[in-house]
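upload_7.txt follows (compact mmCIF, C-alpha atoms and all ligand atoms):
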```
# COMPACT_ATOMS: atom_id res chain seq x y z
CA MET Q 1 -4.42 22.81 -18.20
CA THR Q 2 -5.51 21.88 -14.69
CA ASP Q 3 -4.28 24.21 -11.96
CA ARG Q 4 -2.33 21.94 -9.60
CA LEU Q 5 -3.25 23.22 -6.15
CA TYR Q 6 -1.18 20.54 -4.37
CA ASP Q 7 1.93 21.86 -6.07
CA LYS Q 8 1.84 25.17 -4.21
CA ASN Q 9 0.03 24.10 -1.05
CA ALA Q 10 0.13 20.50 0.12
CA TYR Q 11 -2.49 21.19 2.79
CA VAL Q 12 -5.50 21.96 0.56
CA SER Q 13 -7.97 19.18 1.32
CA SER Q 14 -11.27 20.82 0.23
CA PHE Q 15 -11.79 23.03 -2.82
CA GLU Q 16 -14.34 23.83 -5.50
CA ALA Q 17 -13.65 22.96 -9.14
CA VAL Q 18 -15.41 22.90 -12.51
CA VAL Q 19 -15.53 19.64 -14.48
CA THR Q 20 -13.86 20.26 -17.85
CA ASP Q 21 -14.26 16.73 -19.19
CA CYS Q 22 -15.67 13.35 -18.19
CA ARG Q 23 -14.90 10.30 -20.30
CA SER Q 24 -15.24 6.51 -20.11
CA TYR Q 25 -12.10 5.01 -18.63
CA GLY Q 26 -11.60 1.29 -17.90
CA ASP Q 27 -14.73 0.09 -16.14
CA GLY Q 28 -15.53 3.61 -14.88
CA TYR Q 29 -14.85 7.27 -15.71
CA ALA Q 30 -11.96 9.71 -15.85
CA VAL Q 31 -12.98 13.19 -14.65
CA LEU Q 32 -10.89 16.28 -15.49
CA LEU Q 33 -11.13 19.44 -13.36
CA ASP Q 34 -10.05 23.05 -13.96
CA ARG Q 35 -8.15 22.93 -10.65
CA THR Q 36 -7.29 20.11 -8.32
CA ALA Q 37 -5.70 19.24 -4.99
CA PHE Q 38 -5.73 15.52 -5.91
CA PHE Q 39 -2.12 14.39 -6.34
CA PRO Q 40 -1.74 11.92 -9.26
CA GLU Q 41 0.42 8.85 -8.68
CA GLY Q 42 4.06 9.70 -9.24
CA GLY Q 43 7.54 9.61 -7.71
CA GLY Q 44 6.75 6.40 -5.78
CA GLN Q 45 3.65 7.90 -4.14
CA SER Q 46 0.11 6.64 -4.84
CA GLY Q 47 -2.62 8.83 -6.32
CA ASP Q 48 -5.07 10.53 -3.93
CA SER Q 49 -8.62 9.34 -3.27
CA GLY Q 50 -11.60 11.36 -2.05
CA SER Q 51 -14.77 12.73 -3.63
CA ILE Q 52 -16.09 15.10 -6.30
CA GLY Q 53 -19.54 16.13 -5.01
CA HIS Q 54 -20.99 12.87 -3.74
CA ILE Q 55 -19.04 10.80 -6.26
CA PRO Q 56 -16.10 8.86 -4.77
CA VAL Q 57 -12.69 9.26 -6.45
CA ARG Q 58 -10.85 5.95 -6.08
CA ASP Q 59 -7.52 6.98 -7.60
CA THR Q 60 -5.80 9.84 -9.41
CA GLN Q 61 -3.48 9.29 -12.36
CA GLU Q 62 -1.57 11.51 -14.75
CA GLU Q 63 -1.58 10.67 -18.46
CA GLY Q 64 -0.22 12.86 -21.24
CA GLY Q 65 -0.04 15.86 -18.91
CA GLU Q 66 -3.71 15.46 -17.88
CA ILE Q 67 -4.82 14.69 -14.32
CA LEU Q 68 -7.47 11.96 -14.36
CA HIS Q 69 -9.74 11.56 -11.33
CA LEU Q 70 -10.97 7.96 -11.58
CA THR Q 71 -14.59 7.37 -10.55
CA ASP Q 72 -17.31 4.74 -10.92
CA LEU Q 73 -19.95 7.38 -11.77
CA PRO Q 74 -19.88 10.24 -14.29
CA CYS Q 75 -19.76 13.97 -13.39
CA GLU Q 76 -21.58 16.72 -15.30
CA ILE Q 77 -19.27 18.61 -17.66
CA GLY Q 78 -19.32 22.37 -16.95
CA ALA Q 79 -20.74 21.96 -13.44
CA ALA Q 80 -18.92 23.17 -10.32
CA TYR Q 81 -18.46 20.61 -7.52
CA PRO Q 82 -17.19 20.76 -3.95
CA CYS Q 83 -14.21 18.38 -3.83
CA HIS Q 84 -12.52 16.68 -0.88
CA ILE Q 85 -9.43 14.53 -0.68
CA ASP Q 86 -8.90 11.81 1.94
CA PHE Q 87 -6.44 13.95 3.84
CA ALA Q 88 -5.62 11.47 6.64
CA LEU Q 89 -4.30 9.11 3.97
CA ARG Q 90 -2.53 11.90 2.10
CA TYR Q 91 -0.90 13.25 5.28
CA ASP Q 92 0.37 9.76 6.12
CA ARG Q 93 1.97 9.65 2.66
CA MET Q 94 3.42 13.15 3.09
CA GLN Q 95 5.02 12.17 6.42
CA ASN Q 96 6.51 9.01 4.92
CA HIS Q 97 7.64 10.67 1.68
CA SER Q 98 9.36 13.53 3.50
CA GLY Q 99 10.96 10.94 5.80
CA GLU Q 100 12.22 9.07 2.76
CA HIS Q 101 13.91 12.23 1.42
CA ILE Q 102 15.80 12.75 4.68
CA VAL Q 103 16.94 9.11 4.80
CA SER Q 104 17.94 9.03 1.11
CA GLY Q 105 19.80 12.33 1.48
CA LEU Q 106 21.68 11.02 4.51
CA VAL Q 107 22.56 7.67 2.88
CA HIS Q 108 23.89 9.63 -0.09
CA ALA Q 109 25.90 12.05 2.05
CA LEU Q 110 27.26 9.46 4.51
CA TYR Q 111 27.85 6.46 2.24
CA GLY Q 112 27.68 7.80 -1.33
CA LEU Q 113 24.79 5.52 -2.34
CA ASP Q 114 21.87 6.49 -4.58
CA ASN Q 115 18.22 5.75 -4.00
CA VAL Q 116 17.32 3.68 -7.08
CA GLY Q 117 13.80 2.63 -6.05
CA PHE Q 118 11.08 3.98 -3.78
CA HIS Q 119 7.64 2.57 -3.11
CA LEU Q 120 5.20 4.16 -0.71
CA GLY Q 121 2.47 1.54 -0.28
CA GLU Q 122 -0.62 1.46 1.92
CA THR Q 123 1.17 -0.42 4.67
CA GLU Q 124 4.82 -0.59 3.62
CA THR Q 125 7.40 1.90 2.46
CA THR Q 126 10.54 0.53 0.81
CA LEU Q 127 13.74 2.26 -0.30
CA ASP Q 128 16.30 0.60 -2.59
CA PHE Q 129 19.94 1.70 -2.66
CA ASN Q 130 22.65 0.73 -5.14
CA GLY Q 131 25.09 -0.52 -2.50
CA VAL Q 132 25.19 -2.56 0.68
CA LEU Q 133 24.65 -1.14 4.16
CA ASP Q 134 24.80 -2.91 7.52
CA ARG Q 135 22.64 -2.46 10.61
CA GLU Q 136 25.19 -0.21 12.32
CA GLN Q 137 25.23 2.14 9.33
CA LEU Q 138 21.45 2.14 9.21
CA ASP Q 139 21.29 2.97 12.93
CA ARG Q 140 23.52 5.97 12.25
CA VAL Q 141 21.24 7.09 9.40
CA GLU Q 142 18.18 6.60 11.60
CA GLU Q 143 19.66 8.69 14.42
CA GLN Q 144 20.62 11.58 12.16
CA ALA Q 145 17.25 11.40 10.36
CA ASN Q 146 15.47 11.85 13.68
CA GLU Q 147 17.79 14.75 14.56
CA ALA Q 148 16.52 16.40 11.38
CA ILE Q 149 13.00 16.04 12.79
CA TRP Q 150 13.99 17.55 16.16
CA HIS Q 151 15.50 20.57 14.37
CA ASN Q 152 12.05 21.15 12.79
CA LEU Q 153 13.54 22.43 9.54
CA PRO Q 154 11.45 23.90 6.72
CA ILE Q 155 10.86 21.65 3.67
CA LEU Q 156 10.88 23.89 0.60
CA CYS Q 157 9.27 22.91 -2.71
CA GLU Q 158 10.37 25.34 -5.43
CA TYR Q 159 10.91 25.73 -9.17
CA PRO Q 160 14.37 27.26 -9.59
CA THR Q 161 15.30 29.04 -12.83
CA LYS Q 162 17.49 27.22 -15.35
CA GLU Q 163 20.49 29.23 -14.14
CA GLN Q 164 19.82 28.47 -10.48
CA LEU Q 165 19.27 24.80 -11.31
CA ALA Q 166 22.64 24.60 -13.06
CA THR Q 167 24.37 25.56 -9.80
CA LEU Q 168 22.38 23.13 -7.63
CA ASP Q 169 23.65 19.72 -6.56
CA TYR Q 170 20.46 17.66 -6.32
CA ARG Q 171 19.45 14.01 -6.31
CA SER Q 172 17.37 12.83 -9.24
CA LYS Q 173 16.42 9.35 -10.48
CA LYS Q 174 16.04 10.36 -14.13
CA GLU Q 175 17.13 12.93 -16.69
CA LEU Q 176 14.72 15.82 -16.31
CA SER Q 177 13.47 18.18 -18.96
CA GLY Q 178 11.32 21.30 -18.62
CA GLU Q 179 10.59 22.83 -15.23
CA VAL Q 180 12.17 20.93 -12.35
CA ARG Q 181 10.60 20.99 -8.90
CA ILE Q 182 13.26 20.88 -6.21
CA VAL Q 183 12.51 19.81 -2.64
CA THR Q 184 15.10 21.09 -0.17
CA ILE Q 185 15.70 20.20 3.46
CA GLU Q 186 18.66 22.39 4.40
CA GLY Q 187 21.65 20.35 5.53
CA TYR Q 188 20.02 17.03 4.71
CA ASP Q 189 18.70 16.75 1.19
CA CYS Q 190 18.07 18.42 -2.14
CA CYS Q 191 16.07 16.32 -4.59
CA ALA Q 192 13.91 16.65 -7.71
CA CYS Q 193 10.40 15.55 -6.69
CA CYS Q 194 6.82 16.21 -7.82
CA ALA Q 195 5.04 15.07 -4.67
CA PRO Q 196 3.44 17.01 -1.80
CA HIS Q 197 5.51 17.17 1.39
CA VAL Q 198 4.93 18.31 4.98
CA ALA Q 199 5.96 21.94 5.57
CA ARG Q 200 8.49 21.26 8.33
CA THR Q 201 10.47 18.19 9.35
CA GLY Q 202 8.90 18.25 12.83
CA GLU Q 203 5.62 17.08 11.29
CA ILE Q 204 7.24 13.75 10.35
CA GLY Q 205 7.27 12.98 14.07
CA LEU Q 206 9.46 9.87 13.96
CA ILE Q 207 11.50 7.91 11.42
CA LYS Q 208 12.18 4.22 12.04
CA LEU Q 209 14.21 2.01 9.72
CA LEU Q 210 12.74 -1.49 10.07
CA ASP Q 211 14.05 -4.54 8.23
CA PHE Q 212 16.57 -4.57 5.42
CA ILE Q 213 17.63 -7.21 2.91
CA HIS Q 214 20.31 -7.51 0.26
CA TYR Q 215 18.56 -6.75 -3.00
CA LYS Q 216 19.84 -6.57 -6.59
CA GLY Q 217 23.42 -5.92 -5.50
CA GLY Q 218 22.33 -3.28 -2.99
CA VAL Q 219 19.88 -3.09 -0.10
CA ARG Q 220 16.14 -2.71 0.29
CA ILE Q 221 15.10 -0.96 3.49
CA TRP Q 222 11.64 -0.81 5.06
CA LEU Q 223 10.83 2.54 6.61
CA ALA Q 224 8.01 3.74 8.84
CA ALA Q 225 7.50 7.44 9.55
CA GLY Q 226 4.88 9.59 11.27
CA LYS Q 227 1.78 7.89 12.59
CA ARG Q 228 2.80 4.63 10.91
CA ALA Q 229 5.93 4.52 13.06
CA LEU Q 230 3.84 5.13 16.18
CA LEU Q 231 1.38 2.36 15.25
CA ASP Q 232 4.27 0.03 14.49
CA TYR Q 233 5.81 0.79 17.91
CA ARG Q 234 2.45 0.25 19.60
CA GLU Q 235 2.04 -3.15 17.92
CA LYS Q 236 5.60 -4.24 18.67
CA TYR Q 237 5.27 -3.10 22.28
CA ARG Q 238 2.08 -5.14 22.69
CA GLU Q 239 3.82 -8.22 21.26
CA VAL Q 240 6.96 -7.88 23.36
CA SER Q 241 4.91 -7.18 26.46
CA ALA Q 242 2.85 -10.36 25.88
CA VAL Q 243 5.99 -12.48 25.37
CA SER Q 244 7.61 -10.94 28.44
CA ARG Q 245 4.58 -11.76 30.62
CA ALA Q 246 4.26 -15.28 29.21
CA LEU Q 247 7.94 -16.07 29.85
CA SER Q 248 8.19 -14.04 33.07
CA VAL Q 249 11.30 -12.27 31.81
CA PRO Q 250 11.99 -8.52 31.54
CA GLN Q 251 11.02 -7.04 28.15
CA ALA Q 252 14.65 -6.36 27.28
CA GLU Q 253 15.46 -10.08 27.70
CA CYS Q 254 12.66 -11.57 25.60
CA ALA Q 255 14.94 -12.93 22.87
CA ALA Q 256 17.18 -14.70 25.41
CA GLY Q 257 14.03 -16.00 27.14
CA VAL Q 258 12.70 -17.46 23.89
CA ASP Q 259 16.11 -19.03 23.12
CA ARG Q 260 16.12 -20.69 26.56
CA LEU Q 261 12.60 -21.97 26.03
CA LEU Q 262 13.47 -23.39 22.61
CA ALA Q 263 16.55 -25.15 24.02
CA GLU Q 264 14.40 -26.68 26.80
CA PHE Q 265 11.83 -27.70 24.23
CA GLU Q 266 14.45 -29.44 22.05
CA GLU Q 267 15.76 -31.34 25.07
CA LYS Q 268 12.25 -32.43 26.10
CA LYS Q 269 11.49 -33.45 22.53
CA ALA Q 270 14.60 -35.65 22.42
CA ASN Q 271 13.58 -37.23 25.78
CA ALA Q 272 10.04 -37.78 24.54
CA THR Q 273 11.30 -39.47 21.38
CA ALA Q 274 13.49 -41.86 23.39
CA LEU Q 275 10.62 -42.64 25.81
CA SER Q 276 8.23 -43.16 22.94
CA ARG Q 277 10.63 -45.64 21.33
CA GLU Q 278 10.94 -47.59 24.60
CA LEU Q 279 7.18 -47.58 25.11
CA ALA Q 280 6.57 -48.84 21.57
CA GLU Q 281 9.08 -51.67 22.11
CA ALA Q 282 7.44 -52.61 25.45
CA ARG Q 283 3.98 -52.60 23.89
CA VAL Q 284 5.14 -54.76 20.98
CA ALA Q 285 6.77 -57.24 23.41
CA SER Q 286 3.44 -57.70 25.18
CA LEU Q 287 1.52 -58.58 22.01
CA SER Q 288 0.35 -62.07 21.14
CA PRO Q 289 -1.87 -63.18 18.25
CA ASN Q 290 -5.47 -64.38 18.69
CA ALA Q 291 -6.82 -67.73 17.44
CA ALA Q 292 -7.03 -66.39 13.89
CA GLY Q 293 -3.36 -65.35 14.00
CA ASN Q 294 -4.12 -61.62 14.11
CA ILE Q 295 -3.07 -58.99 16.63
CA LEU Q 296 -5.46 -56.11 17.34
CA TYR Q 297 -4.34 -53.17 19.45
CA PHE Q 298 -6.41 -50.14 20.45
CA LEU Q 299 -4.08 -47.23 21.15
CA THR Q 300 -5.61 -44.66 23.52
CA GLU Q 301 -3.61 -41.69 22.20
CA ASN Q 302 -3.83 -40.14 18.71
CA ASP Q 303 -0.20 -40.89 17.81
CA GLU Q 304 0.39 -41.97 14.24
CA LEU Q 305 4.08 -42.68 14.72
CA MET Q 306 3.41 -44.92 17.74
CA ALA Q 307 0.65 -46.74 15.84
CA ARG Q 308 3.01 -47.39 12.93
CA LYS Q 309 5.77 -48.73 15.22
CA ILE Q 310 3.37 -51.11 16.99
CA ALA Q 311 1.81 -52.28 13.70
CA LEU Q 312 5.18 -53.01 12.08
CA GLY Q 313 6.63 -54.57 15.26
CA GLY Q 314 3.49 -56.64 15.88
CA ALA Q 315 3.48 -57.92 12.27
CA GLU Q 316 6.70 -59.81 13.06
CA ARG Q 317 4.81 -61.75 15.77
CA ALA Q 318 1.56 -62.43 13.87
CA ASP Q 319 0.68 -65.15 11.34
CA GLY Q 320 -2.04 -62.86 10.01
CA VAL Q 321 -1.99 -59.08 10.46
CA CYS Q 322 -1.22 -56.61 13.26
CA ALA Q 323 -3.92 -53.91 13.27
CA VAL Q 324 -3.56 -50.79 15.40
CA PHE Q 325 -6.55 -48.48 15.81
CA PHE Q 326 -6.28 -45.06 17.42
CA PRO Q 327 -8.84 -42.29 18.02
CA ALA Q 328 -9.08 -39.41 15.54
CA GLY Q 329 -11.89 -36.98 14.72
CA GLY Q 330 -14.70 -38.92 16.46
CA GLY Q 331 -13.79 -42.22 14.73
CA TYR Q 332 -10.63 -44.27 14.29
CA ARG Q 333 -7.53 -44.09 12.23
CA PHE Q 334 -5.63 -47.30 11.68
CA MET Q 335 -2.37 -48.93 10.63
CA ILE Q 336 -2.54 -52.56 9.53
CA ALA Q 337 0.75 -54.38 8.85
CA SER Q 338 1.54 -57.92 7.78
CA GLN Q 339 4.52 -60.01 6.75
CA GLN Q 340 2.37 -63.00 5.69
CA ILE Q 341 -0.59 -61.56 3.79
CA ARG Q 342 -0.55 -59.37 0.69
CA LEU Q 343 -2.54 -56.53 2.17
CA ARG Q 344 -3.47 -54.77 -1.05
CA GLU Q 345 -5.54 -57.79 -2.03
CA LYS Q 346 -7.50 -57.44 1.23
CA ALA Q 347 -7.90 -53.64 1.14
CA ALA Q 348 -11.34 -53.64 -0.55
CA ALA Q 349 -12.76 -56.19 1.93
CA ILE Q 350 -11.36 -54.21 4.91
CA ARG Q 351 -12.80 -50.93 3.60
CA GLU Q 352 -16.22 -52.52 3.16
CA ALA Q 353 -16.34 -54.36 6.50
CA LEU Q 354 -15.06 -51.41 8.57
CA ALA Q 355 -16.60 -48.40 6.76
CA ALA Q 356 -13.04 -47.36 6.07
CA ARG Q 357 -11.12 -45.15 3.68
CA GLY Q 358 -7.46 -45.46 2.88
CA GLY Q 359 -4.87 -47.55 1.11
CA GLY Q 360 -1.20 -48.42 1.18
CA THR Q 361 1.23 -51.16 0.21
CA ASP Q 362 1.22 -54.95 0.57
CA ASP Q 363 3.04 -54.52 3.92
CA LEU Q 364 1.11 -51.62 5.42
CA LEU Q 365 -2.39 -50.21 5.01
CA GLN Q 366 -3.48 -47.01 6.67
CA GLY Q 367 -6.69 -45.03 6.75
CA SER Q 368 -9.70 -44.02 8.78
CA SER Q 369 -12.79 -45.89 9.90
CA THR Q 370 -16.18 -45.02 11.34
CA ALA Q 371 -16.80 -48.58 12.61
CA GLU Q 372 -17.61 -49.35 16.29
CA LYS Q 373 -15.01 -51.05 18.50
CA GLU Q 374 -17.05 -54.31 18.64
CA GLN Q 375 -17.27 -54.40 14.84
CA VAL Q 376 -13.49 -53.97 14.55
CA THR Q 377 -12.83 -56.64 17.19
CA ALA Q 378 -15.19 -59.12 15.50
CA PHE Q 379 -13.57 -58.53 12.11
CA PHE Q 380 -10.03 -59.40 13.28
CA GLU Q 381 -11.21 -62.48 15.23
CA LYS Q 382 -11.53 -64.23 11.86
CA SER Q 383 -8.59 -64.79 9.55
CA LEU Q 384 -8.46 -62.42 6.61
ZN ZN U 401 10.22 12.55 -3.56
```

I need this file expressed as structure tokens, please.
Amino acid sequence: MTDRLYDKNAYVSSFEAVVTDCRSYGDGYAVLLDRTAFFPEGGGQSGDSGSIGHIPVRDTQEEGGEILHLTDLPCEIGAAYPCHIDFALRYDRMQNHSGEHIVSGLVHALYGLDNVGFHLGETETTLDFNGVLDREQLDRVEEQANEAIWHNLPILCEYPTKEQLATLDYRSKKELSGEVRIVTIEGYDCCACCAPHVARTGEIGLIKLLDFIHYKGGVRIWLAAGKRALLDYREKYREVSAVSRALSVPQAECAAGVDRLLAEFEEKKANATALSRELAEARVASLSPNAAGNILYFLTENDELMARKIALGGAERADGVCAVFFPAGGGYRFMIASQQIRLREKAAAIREALAARGGGTDDLLQGSSTAEKEQVTAFFEKSL
């Protein structure tokens, strides 16, 4: 049996251990040690990574009571190795896991809900509860959770005797058999948990409850604690500060500033649409067909909607076609409309003459062309 160093002391990051077994596992190896500080994935927390000698450990898993250190290279059985765990990553997980216990304990005490799911990912930590909470309730939980940090309470990880356990009121997700490890934060939480925790609540630094959604009849809450909460605050501050400068509004009024901007934008958009309609009508009114009965119009702006309106409007005034060309990507895009000619029958000839791609219906062809302006003009001077 591997001696689980993390169980007694969550702060062991370097240790020496003897390899007791090394076997093929997946596309790499599973290394077993006589003692380890590597925490195997469990209780919602990922397995530790680090190194055994110079060999990187990418994950740690527990299977059938054995702790498997997963590597890409084999270790020598019987040899002693200096081992290191990635402690920055582990400490981040400890801060967030301990934070989760405080929050889950408070939600249970204040609102009688159970934590029914916990995932501590690389960037996100989520907590699922079997009942609905609103923002006001979450704010209350968040405030009291941070008070627990300010009180800098000890976080005790112990194995009580069967008799002691029988008298304890503790949270647990599943029926437990054998020795039960109880993590206690006096006044806030008592929970069965196998994971390493920080020694005192003060080390969590900060607990922030982020978004929440209704999920499977309850709620899912996103939590950030410790350094993650600081980094999240830093990022949010940078964003708000940029919006505040761009809108020239105080940071506390960014949302109202954005709402005002959106309302202005909607009004301008409605004005622009009306103006665009009037402009299209005026342009169509000025059109007259050439000797071949066609209308050709070069639009200066890249505006597909305008091109379509002119093409369809112009087609009513042409015996042949109304072709509108507008600039796009170094060449032209076009809309060709007609009420007299079945355009699909002409599509192949148009594509060939104007180095064009595209297609459409008998009433309207659209596409792109790499032809020169003179070439386009010459083409529509003849009837199609
Ligand atoms: Zn836990």

- request: Rank nothing, just name the residue among Q:Gly202, Q:Gly78, Q:Gly257, Q:Gly105 nearest to ligand ZN 401 (chain U), using all atoms listed in the file.
  value: Q:Gly105

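In this structure, atom CA of Phe38 of chain Q sits 23.1 Å away from atom CA of Thr126 of chain Q.
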
task: Would you list the residues that come within 12 Å of ligand ZN 401 (chain U)? Count all atoms listed in the file and give the answer as a ChimeraX atom specification.
output: /Q:41-46,93-105,115-120,127,155,157,170-173,181-185,189-198

Tell me, as a compact mmCIF listing (two decimals) with C-alpha atoms, in the frame of the given file, which residues lie within 8 Å of segment 313-322 of chain Q, counting all atoms listed in the file; anything in the same chain fewer than 4 positions away does not count.
```txt
# COMPACT_ATOMS: atom_id res chain seq x y z
CA GLU Q 281 9.08 -51.67 22.11
CA VAL Q 284 5.14 -54.76 20.98
CA LEU Q 287 1.52 -58.58 22.01
CA SER Q 288 0.35 -62.07 21.14
CA PRO Q 289 -1.87 -63.18 18.25
CA ALA Q 292 -7.03 -66.39 13.89
CA GLY Q 293 -3.36 -65.35 14.00
CA ASN Q 294 -4.12 -61.62 14.11
CA ILE Q 295 -3.07 -58.99 16.63
CA LEU Q 296 -5.46 -56.11 17.34
CA TYR Q 297 -4.34 -53.17 19.45
CA LYS Q 309 5.77 -48.73 15.22
CA ILE Q 336 -2.54 -52.56 9.53
CA ALA Q 337 0.75 -54.38 8.85
CA SER Q 338 1.54 -57.92 7.78
CA GLN Q 339 4.52 -60.01 6.75
CA GLN Q 340 2.37 -63.00 5.69
CA ILE Q 341 -0.59 -61.56 3.79
CA SER Q 383 -8.59 -64.79 9.55
CA LEU Q 384 -8.46 -62.42 6.61
```

query: Interatomic distance between atom CA of Asp114 of chain Q and atom CA of Leu209 of chain Q?
result: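 Separating atom CA of Asp114 of chain Q from atom CA of Leu209 of chain Q is a distance of 16.8 Å.
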
- prompt: If you measure from atom CA of Gly205 of chain Q to atom CA of Pro40 of chain Q, what distance in Å do you get, rounded to one decimal?
  reply: 25.0 Å

message: Please determine, counting all atoms listed in the file, which residue among Q:Gly218, Q:Pro160, Q:Pro154, Q:Pro250 has the shortest atom-to-atom distance to Arg200 of chain Q.
response: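 For Arg200 of chain Q, the nearest of the candidates is Q:Pro154.
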
query: Which of these, Q:Val132, Q:Ile85, Q:Ile221, Q:Val57, has the shortest distance to Leu73 of chain Q once you count only C-alpha atoms?
result: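 For Leu73 of chain Q, the nearest of the given residues is Q:Val57.
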